[in-house]
file start35.pdb (PDB, N, CA and C atoms, pLDDT in the B column)
ATOM      1  N   MET A 848      12.086 -13.680   7.138  1.00 90.00           N
ATOM      2  CA  MET A 848      10.970 -13.414   6.277  1.00 90.00           C
ATOM      3  C   MET A 848      11.430 -12.795   4.957  1.00 90.00           C
ATOM      4  N   VAL A 849      12.421 -11.919   5.035  1.00 93.00           N
ATOM      5  CA  VAL A 849      12.922 -11.278   3.817  1.00 93.00           C
ATOM      6  C   VAL A 849      13.529 -12.325   2.890  1.00 93.00           C
ATOM      7  N   LYS A 850      14.262 -13.267   3.456  1.00 93.00           N
ATOM      8  CA  LYS A 850      14.856 -14.335   2.649  1.00 93.00           C
ATOM      9  C   LYS A 850      13.758 -15.153   1.973  1.00 93.00           C
ATOM     10  N   TYR A 851      12.702 -15.463   2.726  1.00 95.00           N
ATOM     11  CA  TYR A 851      11.589 -16.225   2.173  1.00 95.00           C
ATOM     12  C   TYR A 851      10.937 -15.468   1.010  1.00 95.00           C
ATOM     13  N   LEU A 852      10.704 -14.170   1.180  1.00 92.00           N
ATOM     14  CA  LEU A 852      10.108 -13.371   0.101  1.00 92.00           C
ATOM     15  C   LEU A 852      11.020 -13.315  -1.117  1.00 92.00           C
ATOM     16  N   HIS A 853      12.328 -13.149  -0.869  1.00 94.00           N
ATOM     17  CA  HIS A 853      13.290 -13.104  -1.977  1.00 94.00           C
ATOM     18  C   HIS A 853      13.333 -14.441  -2.701  1.00 94.00           C
ATOM     19  N   ASP A 854      13.351 -15.529  -1.941  1.00 93.00           N
ATOM     20  CA  ASP A 854      13.372 -16.856  -2.549  1.00 93.00           C
ATOM     21  C   ASP A 854      12.085 -17.158  -3.315  1.00 93.00           C
ATOM     22  N   ALA A 855      10.977 -16.516  -2.896  1.00 95.00           N
ATOM     23  CA  ALA A 855       9.700 -16.711  -3.586  1.00 95.00           C
ATOM     24  C   ALA A 855       9.622 -15.889  -4.876  1.00 95.00           C
ATOM     25  N   GLY A 856      10.652 -15.054  -5.138  1.00 93.00           N
ATOM     26  CA  GLY A 856      10.695 -14.287  -6.370  1.00 93.00           C
ATOM     27  C   GLY A 856      10.198 -12.856  -6.242  1.00 93.00           C
ATOM     28  N   ILE A 857       9.918 -12.411  -5.017  1.00 93.00           N
ATOM     29  CA  ILE A 857       9.465 -11.035  -4.813  1.00 93.00           C
ATOM     30  C   ILE A 857      10.676 -10.115  -4.874  1.00 93.00           C
ATOM     31  N   LYS A 858      10.592  -9.084  -5.677  1.00 95.00           N
ATOM     32  CA  LYS A 858      11.696  -8.130  -5.824  1.00 95.00           C
ATOM     33  C   LYS A 858      11.347  -6.831  -5.120  1.00 95.00           C
ATOM     34  N   SER A 859      12.371  -6.076  -4.762  1.00 96.00           N
ATOM     35  CA  SER A 859      12.152  -4.807  -4.063  1.00 96.00           C
ATOM     36  C   SER A 859      11.342  -3.843  -4.925  1.00 96.00           C
ATOM     37  N   GLU A 860      11.546  -3.882  -6.233  1.00 96.00           N
ATOM     38  CA  GLU A 860      10.797  -2.990  -7.120  1.00 96.00           C
ATOM     39  C   GLU A 860       9.298  -3.263  -7.031  1.00 96.00           C
ATOM     40  N   TRP A 861       8.930  -4.519  -6.835  1.00 96.00           N
ATOM     41  CA  TRP A 861       7.514  -4.867  -6.730  1.00 96.00           C
ATOM     42  C   TRP A 861       6.923  -4.294  -5.446  1.00 96.00           C
ATOM     43  N   ALA A 862       7.695  -4.348  -4.365  1.00 96.00           N
ATOM     44  CA  ALA A 862       7.219  -3.793  -3.097  1.00 96.00           C
ATOM     45  C   ALA A 862       7.051  -2.278  -3.213  1.00 96.00           C
ATOM     46  N   TYR A 863       8.004  -1.613  -3.869  1.00 97.00           N
ATOM     47  CA  TYR A 863       7.875  -0.167  -4.072  1.00 97.00           C
ATOM     48  C   TYR A 863       6.667   0.154  -4.949  1.00 97.00           C
ATOM     49  N   ALA A 864       6.449  -0.634  -5.971  1.00 97.00           N
ATOM     50  CA  ALA A 864       5.284  -0.419  -6.842  1.00 97.00           C
ATOM     51  C   ALA A 864       3.986  -0.615  -6.054  1.00 97.00           C
ATOM     52  N   ALA A 865       3.967  -1.614  -5.177  1.00 96.00           N
ATOM     53  CA  ALA A 865       2.787  -1.840  -4.342  1.00 96.00           C
ATOM     54  C   ALA A 865       2.560  -0.662  -3.400  1.00 96.00           C
ATOM     55  N   ALA A 866       3.634  -0.058  -2.893  1.00 96.00           N
ATOM     56  CA  ALA A 866       3.504   1.099  -2.005  1.00 96.00           C
ATOM     57  C   ALA A 866       2.902   2.286  -2.753  1.00 96.00           C
ATOM     58  N   PHE A 867       3.413   2.570  -3.930  1.00 96.00           N
ATOM     59  CA  PHE A 867       2.856   3.674  -4.712  1.00 96.00           C
ATOM     60  C   PHE A 867       1.428   3.366  -5.155  1.00 96.00           C
ATOM     61  N   GLY A 868       1.162   2.103  -5.473  1.00 95.00           N
ATOM     62  CA  GLY A 868      -0.203   1.694  -5.804  1.00 95.00           C
ATOM     63  C   GLY A 868      -1.145   1.880  -4.627  1.00 95.00           C
ATOM     64  N   SER A 869      -0.658   1.611  -3.428  1.00 93.00           N
ATOM     65  CA  SER A 869      -1.455   1.791  -2.223  1.00 93.00           C
ATOM     66  C   SER A 869      -1.809   3.258  -2.012  1.00 93.00           C
ATOM     67  N   ILE A 870      -0.868   4.128  -2.302  1.00 93.00           N
ATOM     68  CA  ILE A 870      -1.139   5.571  -2.180  1.00 93.00           C
ATOM     69  C   ILE A 870      -2.227   5.985  -3.175  1.00 93.00           C
ATOM     70  N   ALA A 871      -2.100   5.513  -4.398  1.00 93.00           N
ATOM     71  CA  ALA A 871      -3.106   5.835  -5.418  1.00 93.00           C
ATOM     72  C   ALA A 871      -4.461   5.237  -5.046  1.00 93.00           C
ATOM     73  N   LEU A 872      -4.468   4.004  -4.545  1.00 92.00           N
ATOM     74  CA  LEU A 872      -5.705   3.361  -4.147  1.00 92.00           C
ATOM     75  C   LEU A 872      -6.336   4.071  -2.949  1.00 92.00           C
ATOM     76  N   SER A 873      -5.508   4.592  -2.068  1.00 90.00           N
ATOM     77  CA  SER A 873      -6.006   5.338  -0.918  1.00 90.00           C
ATOM     78  C   SER A 873      -6.783   6.568  -1.378  1.00 90.00           C
ATOM     79  N   PHE A 874      -6.193   7.325  -2.279  1.00 90.00           N
ATOM     80  CA  PHE A 874      -6.872   8.511  -2.804  1.00 90.00           C
ATOM     81  C   PHE A 874      -8.143   8.127  -3.558  1.00 90.00           C
ATOM     82  N   THR A 875      -8.048   7.082  -4.362  1.00 90.00           N
ATOM     83  CA  THR A 875      -9.203   6.646  -5.143  1.00 90.00           C
ATOM     84  C   THR A 875     -10.335   6.175  -4.244  1.00 90.00           C
ATOM     85  N   SER A 876     -10.020   5.381  -3.212  1.00 87.00           N
ATOM     86  CA  SER A 876     -11.064   4.895  -2.314  1.00 87.00           C
ATOM     87  C   SER A 876     -11.700   6.042  -1.544  1.00 87.00           C
ATOM     88  N   TRP A 877     -10.911   7.036  -1.166  1.00 85.00           N
ATOM     89  CA  TRP A 877     -11.460   8.208  -0.492  1.00 85.00           C
ATOM     90  C   TRP A 877     -12.423   8.954  -1.414  1.00 85.00           C
ATOM     91  N   LEU A 878     -11.988   9.169  -2.655  1.00 86.00           N
ATOM     92  CA  LEU A 878     -12.807   9.913  -3.610  1.00 86.00           C
ATOM     93  C   LEU A 878     -14.093   9.167  -3.939  1.00 86.00           C
ATOM     94  N   VAL A 879     -13.999   7.870  -4.179  1.00 85.00           N
ATOM     95  CA  VAL A 879     -15.187   7.083  -4.523  1.00 85.00           C
ATOM     96  C   VAL A 879     -16.154   7.054  -3.343  1.00 85.00           C
ATOM     97  N   SER A 880     -15.645   6.834  -2.149  1.00 83.00           N
ATOM     98  CA  SER A 880     -16.511   6.801  -0.971  1.00 83.00           C
ATOM     99  C   SER A 880     -17.182   8.157  -0.755  1.00 83.00           C
ATOM    100  N   LYS A 881     -16.425   9.218  -0.960  1.00 80.00           N
ATOM    101  CA  LYS A 881     -16.973  10.575  -0.789  1.00 80.00           C
ATOM    102  C   LYS A 881     -18.109  10.833  -1.764  1.00 80.00           C
ATOM    103  N   GLU A 882     -17.956  10.358  -3.001  1.00 82.00           N
ATOM    104  CA  GLU A 882     -18.960  10.612  -4.041  1.00 82.00           C
ATOM    105  C   GLU A 882     -20.142   9.647  -3.973  1.00 82.00           C
ATOM    106  N   LYS A 883     -19.904   8.389  -3.691  1.00 78.00           N
ATOM    107  CA  LYS A 883     -20.955   7.370  -3.754  1.00 78.00           C
ATOM    108  C   LYS A 883     -21.727   7.230  -2.453  1.00 78.00           C
ATOM    109  N   GLU A 884     -21.127   7.579  -1.326  1.00 77.00           N
ATOM    110  CA  GLU A 884     -21.787   7.422  -0.029  1.00 77.00           C
ATOM    111  C   GLU A 884     -22.034   8.800   0.599  1.00 77.00           C
ATOM    112  N   LYS A 885     -22.731   9.626  -0.103  1.00 75.00           N
ATOM    113  CA  LYS A 885     -22.937  11.006   0.350  1.00 75.00           C
ATOM    114  C   LYS A 885     -23.644  11.070   1.702  1.00 75.00           C
ATOM    115  N   GLY A 886     -24.559  10.155   1.972  1.00 75.00           N
ATOM    116  CA  GLY A 886     -25.278  10.152   3.232  1.00 75.00           C
ATOM    117  C   GLY A 886     -24.408   9.783   4.422  1.00 75.00           C
ATOM    118  N   ALA A 887     -23.301   9.096   4.172  1.00 76.00           N
ATOM    119  CA  ALA A 887     -22.423   8.644   5.257  1.00 76.00           C
ATOM    120  C   ALA A 887     -21.508   9.758   5.748  1.00 76.00           C
ATOM    121  N   GLY A 888     -21.355  10.784   4.963  1.00 72.00           N
ATOM    122  CA  GLY A 888     -20.505  11.898   5.365  1.00 72.00           C
ATOM    123  C   GLY A 888     -19.046  11.683   5.002  1.00 72.00           C
ATOM    124  N   ILE A 889     -18.273  12.727   5.236  1.00 81.00           N
ATOM    125  CA  ILE A 889     -16.849  12.706   4.883  1.00 81.00           C
ATOM    126  C   ILE A 889     -16.054  11.784   5.809  1.00 81.00           C
ATOM    127  N   ASP A 890     -16.583  11.516   7.000  1.00 79.00           N
ATOM    128  CA  ASP A 890     -15.859  10.667   7.950  1.00 79.00           C
ATOM    129  C   ASP A 890     -15.612   9.270   7.394  1.00 79.00           C
ATOM    130  N   ARG A 891     -16.617   8.704   6.750  1.00 79.00           N
ATOM    131  CA  ARG A 891     -16.454   7.359   6.199  1.00 79.00           C
ATOM    132  C   ARG A 891     -15.412   7.365   5.084  1.00 79.00           C
ATOM    133  N   ALA A 892     -15.442   8.377   4.236  1.00 79.00           N
ATOM    134  CA  ALA A 892     -14.448   8.481   3.157  1.00 79.00           C
ATOM    135  C   ALA A 892     -13.049   8.594   3.754  1.00 79.00           C
ATOM    136  N   ASP A 893     -12.915   9.389   4.814  1.00 83.00           N
ATOM    137  CA  ASP A 893     -11.610   9.519   5.467  1.00 83.00           C
ATOM    138  C   ASP A 893     -11.131   8.186   6.021  1.00 83.00           C
ATOM    139  N   ARG A 894     -12.038   7.421   6.613  1.00 82.00           N
ATOM    140  CA  ARG A 894     -11.649   6.109   7.164  1.00 82.00           C
ATOM    141  C   ARG A 894     -11.160   5.164   6.076  1.00 82.00           C
ATOM    142  N   TRP A 895     -11.860   5.154   4.926  1.00 80.00           N
ATOM    143  CA  TRP A 895     -11.411   4.307   3.816  1.00 80.00           C
ATOM    144  C   TRP A 895     -10.022   4.726   3.327  1.00 80.00           C
ATOM    145  N   GLY A 896      -9.832   6.024   3.155  1.00 83.00           N
ATOM    146  CA  GLY A 896      -8.541   6.515   2.672  1.00 83.00           C
ATOM    147  C   GLY A 896      -7.414   6.202   3.641  1.00 83.00           C
ATOM    148  N   ILE A 897      -7.667   6.380   4.926  1.00 85.00           N
ATOM    149  CA  ILE A 897      -6.640   6.104   5.933  1.00 85.00           C
ATOM    150  C   ILE A 897      -6.353   4.612   6.018  1.00 85.00           C
ATOM    151  N   PHE A 898      -7.406   3.779   5.962  1.00 83.00           N
ATOM    152  CA  PHE A 898      -7.212   2.327   6.046  1.00 83.00           C
ATOM    153  C   PHE A 898      -6.280   1.824   4.945  1.00 83.00           C
ATOM    154  N   VAL A 899      -6.550   2.210   3.726  1.00 82.00           N
ATOM    155  CA  VAL A 899      -5.716   1.758   2.606  1.00 82.00           C
ATOM    156  C   VAL A 899      -4.354   2.446   2.644  1.00 82.00           C
ATOM    157  N   GLY A 900      -4.313   3.697   3.064  1.00 84.00           N
ATOM    158  CA  GLY A 900      -3.055   4.436   3.112  1.00 84.00           C
ATOM    159  C   GLY A 900      -2.053   3.874   4.104  1.00 84.00           C
ATOM    160  N   GLN A 901      -2.533   3.125   5.088  1.00 89.00           N
ATOM    161  CA  GLN A 901      -1.619   2.536   6.067  1.00 89.00           C
ATOM    162  C   GLN A 901      -0.787   1.402   5.482  1.00 89.00           C
ATOM    163  N   TRP A 902      -1.164   0.899   4.340  1.00 90.00           N
ATOM    164  CA  TRP A 902      -0.399  -0.184   3.723  1.00 90.00           C
ATOM    165  C   TRP A 902       0.914   0.316   3.129  1.00 90.00           C
ATOM    166  N   ALA A 903       0.949   1.549   2.674  1.00 93.00           N
ATOM    167  CA  ALA A 903       2.125   2.075   1.967  1.00 93.00           C
ATOM    168  C   ALA A 903       3.416   1.976   2.790  1.00 93.00           C
ATOM    169  N   PRO A 904       3.454   2.385   4.059  1.00 94.00           N
ATOM    170  CA  PRO A 904       4.709   2.284   4.808  1.00 94.00           C
ATOM    171  C   PRO A 904       5.212   0.844   4.943  1.00 94.00           C
ATOM    172  N   THR A 905       4.283  -0.096   5.056  1.00 94.00           N
ATOM    173  CA  THR A 905       4.677  -1.506   5.149  1.00 94.00           C
ATOM    174  C   THR A 905       5.356  -1.953   3.861  1.00 94.00           C
ATOM    175  N   PHE A 906       4.760  -1.592   2.732  1.00 96.00           N
ATOM    176  CA  PHE A 906       5.360  -1.972   1.451  1.00 96.00           C
ATOM    177  C   PHE A 906       6.704  -1.276   1.227  1.00 96.00           C
ATOM    178  N   PHE A 907       6.821   0.000   1.627  1.00 97.00           N
ATOM    179  CA  PHE A 907       8.106   0.689   1.512  1.00 97.00           C
ATOM    180  C   PHE A 907       9.156   0.014   2.396  1.00 97.00           C
ATOM    181  N   GLY A 908       8.764  -0.382   3.603  1.00 96.00           N
ATOM    182  CA  GLY A 908       9.694  -1.077   4.499  1.00 96.00           C
ATOM    183  C   GLY A 908      10.146  -2.409   3.916  1.00 96.00           C
ATOM    184  N   LEU A 909       9.217  -3.164   3.360  1.00 96.00           N
ATOM    185  CA  LEU A 909       9.588  -4.426   2.709  1.00 96.00           C
ATOM    186  C   LEU A 909      10.495  -4.176   1.511  1.00 96.00           C
ATOM    187  N   GLY A 910      10.206  -3.126   0.770  1.00 96.00           N
ATOM    188  CA  GLY A 910      11.060  -2.781  -0.375  1.00 96.00           C
ATOM    189  C   GLY A 910      12.475  -2.470   0.065  1.00 96.00           C
ATOM    190  N   ASN A 911      12.620  -1.713   1.149  1.00 97.00           N
ATOM    191  CA  ASN A 911      13.954  -1.392   1.662  1.00 97.00           C
ATOM    192  C   ASN A 911      14.676  -2.645   2.160  1.00 97.00           C
ATOM    193  N   ALA A 912      13.954  -3.498   2.867  1.00 96.00           N
ATOM    194  CA  ALA A 912      14.566  -4.732   3.371  1.00 96.00           C
ATOM    195  C   ALA A 912      14.992  -5.636   2.220  1.00 96.00           C
ATOM    196  N   LEU A 913      14.141  -5.762   1.216  1.00 97.00           N
ATOM    197  CA  LEU A 913      14.494  -6.591   0.060  1.00 97.00           C
ATOM    198  C   LEU A 913      15.652  -5.994  -0.727  1.00 97.00           C
ATOM    199  N   ALA A 914      15.684  -4.674  -0.862  1.00 96.00           N
ATOM    200  CA  ALA A 914      16.787  -4.028  -1.576  1.00 96.00           C
ATOM    201  C   ALA A 914      18.114  -4.285  -0.854  1.00 96.00           C
ATOM    202  N   ALA A 915      18.095  -4.188   0.471  1.00 96.00           N
ATOM    203  CA  ALA A 915      19.311  -4.470   1.232  1.00 96.00           C
ATOM    204  C   ALA A 915      19.724  -5.923   1.084  1.00 96.00           C
ATOM    205  N   TYR A 916      18.747  -6.839   1.078  1.00 95.00           N
ATOM    206  CA  TYR A 916      19.045  -8.260   0.928  1.00 95.00           C
ATOM    207  C   TYR A 916      19.579  -8.551  -0.474  1.00 95.00           C
ATOM    208  N   GLU A 917      19.059  -7.863  -1.476  1.00 94.00           N
ATOM    209  CA  GLU A 917      19.503  -8.083  -2.854  1.00 94.00           C
ATOM    210  C   GLU A 917      20.926  -7.618  -3.074  1.00 94.00           C
ATOM    211  N   LYS A 918      21.399  -6.672  -2.287  1.00 92.00           N
ATOM    212  CA  LYS A 918      22.770  -6.170  -2.442  1.00 92.00           C
ATOM    213  C   LYS A 918      23.801  -7.153  -1.897  1.00 92.00           C
ATOM    214  N   LYS A 919      23.370  -8.062  -1.042  1.00 81.00           N
ATOM    215  CA  LYS A 919      24.315  -9.038  -0.458  1.00 81.00           C
ATOM    216  C   LYS A 919      24.835  -9.991  -1.487  1.00 81.00           C
TER     217      LYS A 919
END

call {"tool": "encode", "arguments": {"input": "start35.pdb", "output": "C-alpha coordinates"}}
result
Amino acid sequence: MVKYLHDAGIKSEWAYAAAFGSIALSFTSWLVSKEKEKGAGIDRADRWGIFVGQWAPTFFGLGNALAAYEKK
(Lines of atoms letter the chains of each structure in order from A and count residues from 1; the text may use other names and numbers.)
(Lines give C-alpha, C1' and ligand atoms only; values in the text may rest on other atoms or scores of the structure.)
Protein backbone atom coordinates (compact mmCIF):
# COMPACT_ATOMS: atom_id res chain seq x y z
CA MET A 1 0.00 0.00 0.00
CA VAL A 2 2.85 2.38 0.80
CA LYS A 3 4.37 1.77 -2.63
CA TYR A 4 1.00 2.46 -4.25
CA LEU A 5 0.62 5.75 -2.34
CA HIS A 6 4.19 6.77 -3.20
CA ASP A 7 3.67 5.91 -6.86
CA ALA A 8 0.44 7.94 -6.82
CA GLY A 9 2.51 10.99 -5.80
CA ILE A 10 1.60 11.13 -2.10
CA LYS A 11 4.53 12.42 -0.05
CA SER A 12 5.20 11.92 3.65
CA GLU A 13 4.97 15.68 4.21
CA TRP A 14 1.38 15.61 2.94
CA ALA A 15 0.47 12.85 5.40
CA TYR A 16 2.02 14.83 8.26
CA ALA A 17 0.15 17.94 7.16
CA ALA A 18 -3.09 15.94 7.08
CA ALA A 19 -2.38 14.71 10.63
CA PHE A 20 -1.87 18.22 11.96
CA GLY A 21 -4.92 19.37 9.99
CA SER A 22 -6.92 16.58 11.61
CA ILE A 23 -5.90 17.81 15.05
CA ALA A 24 -6.97 21.35 14.18
CA LEU A 25 -10.22 20.08 12.66
CA SER A 26 -10.88 18.01 15.77
CA PHE A 27 -10.65 21.07 18.00
CA THR A 28 -12.69 23.16 15.57
CA SER A 29 -15.46 20.56 15.26
CA TRP A 30 -15.62 20.24 19.05
CA LEU A 31 -15.85 24.01 19.49
CA VAL A 32 -18.45 24.49 16.75
CA SER A 33 -20.59 21.62 18.02
CA LYS A 34 -20.35 22.95 21.58
CA GLU A 35 -21.48 26.42 20.50
CA LYS A 36 -24.07 25.58 17.83
CA GLU A 37 -25.72 22.53 19.43
CA LYS A 38 -26.21 23.81 22.96
CA GLY A 39 -29.28 21.63 23.53
CA ALA A 40 -27.32 18.46 22.70
CA GLY A 41 -24.89 18.98 25.55
CA ILE A 42 -21.13 18.64 25.77
CA ASP A 43 -21.30 14.90 25.04
CA ARG A 44 -22.10 15.44 21.37
CA ALA A 45 -19.26 17.96 21.01
CA ASP A 46 -16.89 15.46 22.63
CA ARG A 47 -17.99 12.75 20.19
CA TRP A 48 -17.33 15.00 17.19
CA GLY A 49 -13.90 15.98 18.50
CA ILE A 50 -12.93 12.39 19.25
CA PHE A 51 -14.23 11.10 15.90
CA VAL A 52 -12.11 13.52 13.88
CA GLY A 53 -9.18 13.26 16.29
CA GLN A 54 -8.86 9.54 15.60
CA TRP A 55 -7.68 10.29 12.08
CA ALA A 56 -4.43 11.93 13.22
CA PRO A 57 -2.59 8.74 14.31
CA THR A 58 -3.43 7.09 10.99
CA PHE A 59 -2.01 10.00 9.03
CA PHE A 60 1.11 10.11 11.24
CA GLY A 61 1.59 6.37 10.67
CA LEU A 62 1.25 6.79 6.91
CA GLY A 63 3.69 9.69 7.06
CA ASN A 64 6.25 7.54 8.88
CA ALA A 65 5.78 4.65 6.46
CA LEU A 66 6.12 6.94 3.45
CA ALA A 67 9.19 8.65 4.94
CA ALA A 68 10.85 5.27 5.43
CA TYR A 69 9.94 4.26 1.87
CA GLU A 70 11.29 7.55 0.48
CA LYS A 71 14.68 6.92 2.11
CA LYS A 72 15.13 3.69 0.14

call {"tool": "closest_residue", "arguments": {"input": "start35.pdb", "among": "A:Ser859, A:Leu878, A:Asp854, A:Ile889", "to": "Asn911 (chain A)", "atoms": "only C-alpha atoms"}}
result
A:Ser859

call {"tool": "closest_residue", "arguments": {"input": "start35.pdb", "among": "A:Tyr851, A:Tyr916, A:Phe907, A:Trp895", "to": "Ala865 (chain A)", "atoms": "only N, CA and C atoms"}}
result
A:Phe907

call {"tool": "residues_around", "arguments": {"input": "start35.pdb", "residues": "Thr875 (chain A)", "least_positions_apart": "5", "cutoff": "8 Å", "atoms": "all atoms listed in the file", "output": "CSV table (one decimal) with N, CA and C atoms, in the frame of the given file"}}
result
chain,number,residue,atom,x,y,z
A,869,SER,N,-0.7,1.6,-3.4
A,869,SER,CA,-1.5,1.8,-2.2
A,869,SER,C,-1.8,3.3,-2.0
A,870,ILE,N,-0.9,4.1,-2.3
A,870,ILE,CA,-1.1,5.6,-2.2
A,870,ILE,C,-2.2,6.0,-3.2
A,880,SER,N,-15.6,6.8,-2.1
A,880,SER,CA,-16.5,6.8,-1.0
A,880,SER,C,-17.2,8.2,-0.8
A,881,LYS,N,-16.4,9.2,-1.0
A,881,LYS,CA,-17.0,10.6,-0.8
A,881,LYS,C,-18.1,10.8,-1.8
A,895,TRP,N,-11.9,5.2,4.9
A,895,TRP,CA,-11.4,4.3,3.8
A,895,TRP,C,-10.0,4.7,3.3
A,896,GLY,N,-9.8,6.0,3.2
A,896,GLY,CA,-8.5,6.5,2.7
A,896,GLY,C,-7.4,6.2,3.6

call {"tool": "resolve_selection", "arguments": {"input": "start35.pdb", "expression": "the PyMOL selection byres ((chain A and resi 863) around 7)", "output": "number ranges by chain"}}
result
A: 858-862, 864-868, 906-907, 909-911

call {"tool": "write_last_selection", "arguments": {"input": "start35.pdb", "atoms": "N, CA and C atoms", "output": "PDB file, keeping the file's coordinate frame"}}
result
ATOM      1  N   LYS A 858      10.592  -9.084  -5.677  1.00 95.00           N
ATOM      2  CA  LYS A 858      11.696  -8.130  -5.824  1.00 95.00           C
ATOM      3  C   LYS A 858      11.347  -6.831  -5.120  1.00 95.00           C
ATOM      4  N   SER A 859      12.371  -6.076  -4.762  1.00 96.00           N
ATOM      5  CA  SER A 859      12.152  -4.807  -4.063  1.00 96.00           C
ATOM      6  C   SER A 859      11.342  -3.843  -4.925  1.00 96.00           C
ATOM      7  N   GLU A 860      11.546  -3.882  -6.233  1.00 96.00           N
ATOM      8  CA  GLU A 860      10.797  -2.990  -7.120  1.00 96.00           C
ATOM      9  C   GLU A 860       9.298  -3.263  -7.031  1.00 96.00           C
ATOM     10  N   TRP A 861       8.930  -4.519  -6.835  1.00 96.00           N
ATOM     11  CA  TRP A 861       7.514  -4.867  -6.730  1.00 96.00           C
ATOM     12  C   TRP A 861       6.923  -4.294  -5.446  1.00 96.00           C
ATOM     13  N   ALA A 862       7.695  -4.348  -4.365  1.00 96.00           N
ATOM     14  CA  ALA A 862       7.219  -3.793  -3.097  1.00 96.00           C
ATOM     15  C   ALA A 862       7.051  -2.278  -3.213  1.00 96.00           C
ATOM     16  N   ALA A 864       6.449  -0.634  -5.971  1.00 97.00           N
ATOM     17  CA  ALA A 864       5.284  -0.419  -6.842  1.00 97.00           C
ATOM     18  C   ALA A 864       3.986  -0.615  -6.054  1.00 97.00           C
ATOM     19  N   ALA A 865       3.967  -1.614  -5.177  1.00 96.00           N
ATOM     20  CA  ALA A 865       2.787  -1.840  -4.342  1.00 96.00           C
ATOM     21  C   ALA A 865       2.560  -0.662  -3.400  1.00 96.00           C
ATOM     22  N   ALA A 866       3.634  -0.058  -2.893  1.00 96.00           N
ATOM     23  CA  ALA A 866       3.504   1.099  -2.005  1.00 96.00           C
ATOM     24  C   ALA A 866       2.902   2.286  -2.753  1.00 96.00           C
ATOM     25  N   PHE A 867       3.413   2.570  -3.930  1.00 96.00           N
ATOM     26  CA  PHE A 867       2.856   3.674  -4.712  1.00 96.00           C
ATOM     27  C   PHE A 867       1.428   3.366  -5.155  1.00 96.00           C
ATOM     28  N   GLY A 868       1.162   2.103  -5.473  1.00 95.00           N
ATOM     29  CA  GLY A 868      -0.203   1.694  -5.804  1.00 95.00           C
ATOM     30  C   GLY A 868      -1.145   1.880  -4.627  1.00 95.00           C
ATOM     31  N   PHE A 906       4.760  -1.592   2.732  1.00 96.00           N
ATOM     32  CA  PHE A 906       5.360  -1.972   1.451  1.00 96.00           C
ATOM     33  C   PHE A 906       6.704  -1.276   1.227  1.00 96.00           C
ATOM     34  N   PHE A 907       6.821   0.000   1.627  1.00 97.00           N
ATOM     35  CA  PHE A 907       8.106   0.689   1.512  1.00 97.00           C
ATOM     36  C   PHE A 907       9.156   0.014   2.396  1.00 97.00           C
ATOM     37  N   LEU A 909       9.217  -3.164   3.360  1.00 96.00           N
ATOM     38  CA  LEU A 909       9.588  -4.426   2.709  1.00 96.00           C
ATOM     39  C   LEU A 909      10.495  -4.176   1.511  1.00 96.00           C
ATOM     40  N   GLY A 910      10.206  -3.126   0.770  1.00 96.00           N
ATOM     41  CA  GLY A 910      11.060  -2.781  -0.375  1.00 96.00           C
ATOM     42  C   GLY A 910      12.475  -2.470   0.065  1.00 96.00           C
ATOM     43  N   ASN A 911      12.620  -1.713   1.149  1.00 97.00           N
ATOM     44  CA  ASN A 911      13.954  -1.392   1.662  1.00 97.00           C
ATOM     45  C   ASN A 911      14.676  -2.645   2.160  1.00 97.00           C
TER      46      ASN A 911
END

call {"tool": "resolve_selection", "arguments": {"input": "start35.pdb", "expression": "the PyMOL selection byres ((chain A and resi 900) around 8)", "output": "NGL selection string"}}
result
:A and (869-874 or 894-899 or 901-905)

call {"tool": "axis_aligned_box", "arguments": {"input": "start35.pdb", "around": "region 854-873 of chain A", "padding_each_side": "6 Å", "output": "AutoDock Vina command-line options"}}
result
--center_x 3.3 --center_y -5.3 --center_z -4.0 --size_x 32.2 --size_y 35.7 --size_z 18.2

call {"tool": "atom_distance", "arguments": {"input": "start35.pdb", "atom1": "CA of Ala912 (chain A)", "atom2": "CA of Gly856 (chain A)"}}
result
14.2 Å

call {"tool": "atom_distance", "arguments": {"input": "start35.pdb", "atom1": "CA of Gly908 (chain A)", "atom2": "CA of Trp877 (chain A)"}}
result
23.6 Å

call {"tool": "atom_distance", "arguments": {"input": "start35.pdb", "atom1": "atom N of Leu913 (chain A)", "atom2": "atom C of Val849 (chain A)"}}
result
6.8 Å

call {"tool": "select_by_dssp", "arguments": {"input": "start35.pdb", "residues": "chain A", "states": "alpha helix (DSSP H)", "output": "ChimeraX atom specification"}}
result
/A:849-854,859-883,889-900,902-918

call {"tool": "closest_residue", "arguments": {"input": "start35.pdb", "among": "A:Met848, A:Ala915, A:Ile857, A:Ala892", "to": "Ser876 (chain A)", "atoms": "only N, CA and C atoms"}}
result
A:Ala892
